[in-house]
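Peer 1: Take this structure first; my questions come after.
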Amino acid sequence: VQLQASGGGLVQAGGSLRLSCAASGLTFDDYAMGWFRQAPGKEREFVSAINRSGSSTLYTDSVKGRFTVSRDNAKNTVYLQMNSLKPEDTAVYYCAADRTIVTGTIRTVAYDYDYWGQGTLVTVSS
């Protein structure tokens with residue numbers, strides 16, 4: 001199984017980035033997909049997740065209204081559109097796959113996720 005995250009970079013505050021995560025080696029629509037991030041000196045935290053079908057999403061409070069998660073099951077890819085970026089969004093962003101039995105399940109705990117990508121760095125300058 002491989003999860004390949006891309007799309008990170010350097011952006012000014014108020015700008016936008018779109019992260020992508022391409023999955024291979026798994027049956028993509030058997031998995032809910034999540035985005036986590038880890039800032040320097042901090043623990044990894046949940047950002048957003050989307051269920052297997054894409055019908056349900058979840059966000060941490062700090063990104064609500066600014067970030068949008070989506071998926072294309074035909075392309076085995078999950079996206080994170082990040083708008084109105086703030087310096088505190090600076091982190092390495094990881095995508096992760098969670099094998100769920102129930103289609104509607106979304107989980108926020110990193111321990112529940114089965115597979116992880118390598119991370120992509122997002123740096124927001126003030």
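If you're wondering about the labels, chains in the structure tokens are A, B, ... by order shown, residues count from 1 in each chain, ligands from 1 in order shown.
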Mind checking which residues fall within 6 Å of region 9-23 of chain A, counting only C-alpha atoms, ignoring those fewer than 2 positions away in the same chain, and posting them as a PDB file with N, CA, C and O atoms, in the first residue's frame?

Peer 2:
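Final file, result_7.pdb:
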ATOM      1  N   GLN A   2       0.527   2.171  -0.856  1.00  0.00           N
ATOM      2  CA  GLN A   2       1.250   3.449  -0.886  1.00  0.00           C
ATOM      3  C   GLN A   2       0.262   4.602  -0.891  1.00  0.00           C
ATOM      4  O   GLN A   2      -0.749   4.565  -1.600  1.00  0.00           O
ATOM      5  N   LEU A   3       0.571   5.598  -0.085  1.00  0.00           N
ATOM      6  CA  LEU A   3      -0.161   6.859  -0.093  1.00  0.00           C
ATOM      7  C   LEU A   3       0.845   7.946  -0.409  1.00  0.00           C
ATOM      8  O   LEU A   3       1.790   8.151   0.355  1.00  0.00           O
ATOM      9  N   GLN A   4       0.640   8.610  -1.519  1.00  0.00           N
ATOM     10  CA  GLN A   4       1.588   9.618  -1.986  1.00  0.00           C
ATOM     11  C   GLN A   4       0.949  10.995  -1.889  1.00  0.00           C
ATOM     12  O   GLN A   4       0.099  11.358  -2.697  1.00  0.00           O
ATOM     13  N   ALA A   5       1.391  11.763  -0.895  1.00  0.00           N
ATOM     14  CA  ALA A   5       0.868  13.112  -0.702  1.00  0.00           C
ATOM     15  C   ALA A   5       1.693  14.116  -1.487  1.00  0.00           C
ATOM     16  O   ALA A   5       2.922  13.965  -1.598  1.00  0.00           O
ATOM     17  N   SER A   6       1.029  15.123  -2.011  1.00  0.00           N
ATOM     18  CA  SER A   6       1.709  16.171  -2.768  1.00  0.00           C
ATOM     19  C   SER A   6       0.921  17.467  -2.652  1.00  0.00           C
ATOM     20  O   SER A   6      -0.214  17.476  -2.167  1.00  0.00           O
ATOM     21  N   GLY A   7       1.539  18.554  -3.124  1.00  0.00           N
ATOM     22  CA  GLY A   7       0.846  19.829  -3.169  1.00  0.00           C
ATOM     23  C   GLY A   7       1.271  20.829  -2.121  1.00  0.00           C
ATOM     24  O   GLY A   7       0.799  21.967  -2.119  1.00  0.00           O
ATOM     25  N   ASN A  76      -8.767   7.146  -7.046  1.00  0.00           N
ATOM     26  CA  ASN A  76      -8.071   6.713  -5.822  1.00  0.00           C
ATOM     27  C   ASN A  76      -7.315   7.871  -5.169  1.00  0.00           C
ATOM     28  O   ASN A  76      -6.173   7.713  -4.701  1.00  0.00           O
ATOM     29  N   THR A  77      -7.956   9.012  -5.116  1.00  0.00           N
ATOM     30  CA  THR A  77      -7.288  10.212  -4.630  1.00  0.00           C
ATOM     31  C   THR A  77      -8.186  10.984  -3.670  1.00  0.00           C
ATOM     32  O   THR A  77      -9.394  11.105  -3.908  1.00  0.00           O
ATOM     33  N   VAL A  78      -7.574  11.505  -2.621  1.00  0.00           N
ATOM     34  CA  VAL A  78      -8.257  12.390  -1.685  1.00  0.00           C
ATOM     35  C   VAL A  78      -7.559  13.751  -1.741  1.00  0.00           C
ATOM     36  O   VAL A  78      -6.351  13.824  -1.969  1.00  0.00           O
ATOM     37  N   TYR A  79      -8.346  14.796  -1.558  1.00  0.00           N
ATOM     38  CA  TYR A  79      -7.839  16.161  -1.668  1.00  0.00           C
ATOM     39  C   TYR A  79      -8.115  16.937  -0.380  1.00  0.00           C
ATOM     40  O   TYR A  79      -9.065  16.658   0.353  1.00  0.00           O
ATOM     41  N   LEU A  80      -7.294  17.942  -0.152  1.00  0.00           N
ATOM     42  CA  LEU A  80      -7.563  18.897   0.917  1.00  0.00           C
ATOM     43  C   LEU A  80      -7.333  20.289   0.345  1.00  0.00           C
ATOM     44  O   LEU A  80      -6.190  20.686   0.097  1.00  0.00           O
ATOM     45  N   GLN A  81      -8.421  20.993   0.102  1.00  0.00           N
ATOM     46  CA  GLN A  81      -8.345  22.370  -0.362  1.00  0.00           C
ATOM     47  C   GLN A  81      -8.222  23.273   0.855  1.00  0.00           C
ATOM     48  O   GLN A  81      -9.098  23.264   1.729  1.00  0.00           O
ATOM     49  N   MET A  82      -7.154  24.049   0.895  1.00  0.00           N
ATOM     50  CA  MET A  82      -6.886  24.898   2.055  1.00  0.00           C
ATOM     51  C   MET A  82      -6.898  26.354   1.617  1.00  0.00           C
ATOM     52  O   MET A  82      -6.052  26.772   0.805  1.00  0.00           O
ATOM     53  N   ASN A  83      -7.846  27.099   2.126  1.00  0.00           N
ATOM     54  CA  ASN A  83      -7.981  28.522   1.806  1.00  0.00           C
ATOM     55  C   ASN A  83      -7.739  29.368   3.057  1.00  0.00           C
ATOM     56  O   ASN A  83      -7.773  28.858   4.177  1.00  0.00           O
ATOM     57  N   SER A  84      -7.523  30.639   2.838  1.00  0.00           N
ATOM     58  CA  SER A  84      -7.313  31.586   3.951  1.00  0.00           C
ATOM     59  C   SER A  84      -6.285  31.046   4.935  1.00  0.00           C
ATOM     60  O   SER A  84      -6.494  31.048   6.150  1.00  0.00           O
ATOM     61  N   LEU A  85      -5.186  30.604   4.413  1.00  0.00           N
ATOM     62  CA  LEU A  85      -4.165  29.975   5.251  1.00  0.00           C
ATOM     63  C   LEU A  85      -3.569  30.961   6.239  1.00  0.00           C
ATOM     64  O   LEU A  85      -3.423  32.162   5.951  1.00  0.00           O
ATOM     65  N   LYS A  86      -3.228  30.438   7.395  1.00  0.00           N
ATOM     66  CA  LYS A  86      -2.655  31.218   8.481  1.00  0.00           C
ATOM     67  C   LYS A  86      -1.279  30.658   8.843  1.00  0.00           C
ATOM     68  O   LYS A  86      -1.023  29.462   8.622  1.00  0.00           O
ATOM     69  N   VAL A 122       3.762  22.157   4.432  1.00  0.00           N
ATOM     70  CA  VAL A 122       3.061  23.406   4.141  1.00  0.00           C
ATOM     71  C   VAL A 122       3.642  24.487   5.049  1.00  0.00           C
ATOM     72  O   VAL A 122       3.653  24.339   6.269  1.00  0.00           O
ATOM     73  N   THR A 123       4.121  25.556   4.431  1.00  0.00           N
ATOM     74  CA  THR A 123       4.683  26.670   5.185  1.00  0.00           C
ATOM     75  C   THR A 123       3.920  27.937   4.821  1.00  0.00           C
ATOM     76  O   THR A 123       3.850  28.299   3.639  1.00  0.00           O
ATOM     77  N   VAL A 124       3.354  28.573   5.822  1.00  0.00           N
ATOM     78  CA  VAL A 124       2.584  29.795   5.606  1.00  0.00           C
ATOM     79  C   VAL A 124       3.337  30.950   6.250  1.00  0.00           C
ATOM     80  O   VAL A 124       3.542  30.966   7.468  1.00  0.00           O
ATOM     81  N   SER A 125       3.731  31.899   5.430  1.00  0.00           N
ATOM     82  CA  SER A 125       4.478  33.050   5.940  1.00  0.00           C
ATOM     83  C   SER A 125       3.529  34.196   6.282  1.00  0.00           C
ATOM     84  O   SER A 125       2.497  34.380   5.636  1.00  0.00           O
ATOM     85  N   SER A 126       3.929  34.959   7.275  1.00  0.00           N
ATOM     86  CA  SER A 126       3.076  36.077   7.722  1.00  0.00           C
ATOM     87  C   SER A 126       3.380  37.353   6.964  1.00  0.00           C
ATOM     88  O   SER A 126       4.362  37.443   6.250  1.00  0.00           O
TER      89      SER A 126
END

Peer 1: Taking the DSSP secondary structure from the backbone, can you list the residues of chain A that are strand (DSSP E or B), as a short mmCIF file (atom, residue, chain, number, x, y, z; two decimals) with C-alpha atoms, in the first residue's frame?

Peer 2:
data_model
loop_
_atom_site.label_atom_id
_atom_site.label_comp_id
_atom_site.auth_asym_id
_atom_site.auth_seq_id
_atom_site.Cartn_x
_atom_site.Cartn_y
_atom_site.Cartn_z
CA GLN A 2 1.25 3.45 -0.89
CA LEU A 3 -0.16 6.86 -0.09
CA GLN A 4 1.59 9.62 -1.99
CA ALA A 5 0.87 13.11 -0.70
CA SER A 6 1.71 16.17 -2.77
CA GLY A 9 4.74 24.47 -0.47
CA LEU A 10 5.37 27.99 0.70
CA VAL A 11 2.45 30.42 0.63
CA GLN A 12 1.68 33.79 2.14
CA LEU A 17 -3.02 25.36 -1.45
CA ARG A 18 -4.54 22.10 -2.59
CA LEU A 19 -3.08 18.90 -1.24
CA SER A 20 -3.56 15.60 -3.01
CA CYS A 21 -3.04 12.06 -1.80
CA ALA A 22 -2.94 9.28 -4.36
CA ALA A 23 -3.49 5.77 -3.03
CA SER A 24 -2.40 2.49 -4.53
CA TYR A 31 -11.25 3.20 3.37
CA ALA A 32 -12.16 6.43 5.03
CA MET A 33 -9.40 8.95 4.42
CA GLY A 34 -7.97 11.43 6.86
CA TRP A 35 -5.59 14.36 6.93
CA PHE A 36 -3.40 15.00 9.94
CA ARG A 37 -0.66 17.55 10.53
CA GLN A 38 2.35 17.94 12.72
CA GLU A 45 -3.18 16.36 15.20
CA PHE A 46 -6.32 15.56 13.28
CA VAL A 47 -7.29 18.03 10.56
CA SER A 48 -10.06 16.51 8.47
CA ALA A 49 -11.50 13.24 7.24
CA ILE A 50 -13.98 11.93 4.73
CA THR A 57 -16.79 14.93 6.26
CA LEU A 58 -15.33 16.10 9.52
CA TYR A 59 -13.03 18.98 10.43
CA PHE A 67 -10.47 23.75 4.48
CA THR A 68 -12.47 21.35 2.34
CA VAL A 69 -11.79 17.64 2.02
CA SER A 70 -13.00 15.66 -0.97
CA ARG A 71 -12.26 12.41 -2.75
CA ASP A 72 -12.44 10.91 -6.19
CA THR A 77 -7.29 10.21 -4.63
CA VAL A 78 -8.26 12.39 -1.69
CA TYR A 79 -7.84 16.16 -1.67
CA LEU A 80 -7.56 18.90 0.92
CA GLN A 81 -8.35 22.37 -0.36
CA MET A 82 -6.89 24.90 2.06
CA ALA A 91 3.07 21.85 9.42
CA VAL A 92 3.82 18.62 7.67
CA TYR A 93 0.51 17.29 6.41
CA TYR A 94 -0.09 13.55 6.27
CA CYS A 95 -2.83 11.61 4.60
CA ALA A 96 -3.97 8.34 6.10
CA ALA A 97 -6.32 5.49 5.26
CA ASP A 98 -8.73 3.88 7.72
CA ARG A 99 -10.33 0.54 6.83
CA TYR A 115 -1.79 3.33 6.40
CA TRP A 116 0.07 6.63 6.21
CA THR A 120 4.03 17.11 2.55
CA LEU A 121 5.29 20.35 4.07
CA VAL A 122 3.06 23.41 4.14
CA THR A 123 4.68 26.67 5.18
CA VAL A 124 2.58 29.80 5.61
CA SER A 125 4.48 33.05 5.94
#

Peer 1: Which residues come within 10 Å of Asn73 (chain A), counting only C-alpha atoms, excluding same-chain residues fewer than 6 positions away, as an MDAnalysis selection string?

Peer 2: chainID A and resid 23 27:30 52:54

Peer 1: Could those selected residues go to a file with C-alpha atoms, as an mmCIF file, in the first residue's frame?

Peer 2:
data_model
loop_
_atom_site.group_PDB
_atom_site.id
_atom_site.type_symbol
_atom_site.label_atom_id
_atom_site.label_comp_id
_atom_site.auth_asym_id
_atom_site.auth_seq_id
_atom_site.Cartn_x
_atom_site.Cartn_y
_atom_site.Cartn_z
ATOM 1 C CA ALA A 23 -3.493 5.775 -3.026
ATOM 2 C CA THR A 27 -9.381 -0.991 -2.479
ATOM 3 C CA PHE A 28 -9.756 2.739 -2.085
ATOM 4 C CA ASP A 29 -13.474 2.896 -1.406
ATOM 5 C CA ASP A 30 -13.096 0.459 1.512
ATOM 6 C CA ARG A 52 -15.696 5.926 2.187
ATOM 7 C CA SER A 53 -18.314 7.274 -0.162
ATOM 8 C CA GLY A 54 -17.494 10.940 0.277
#
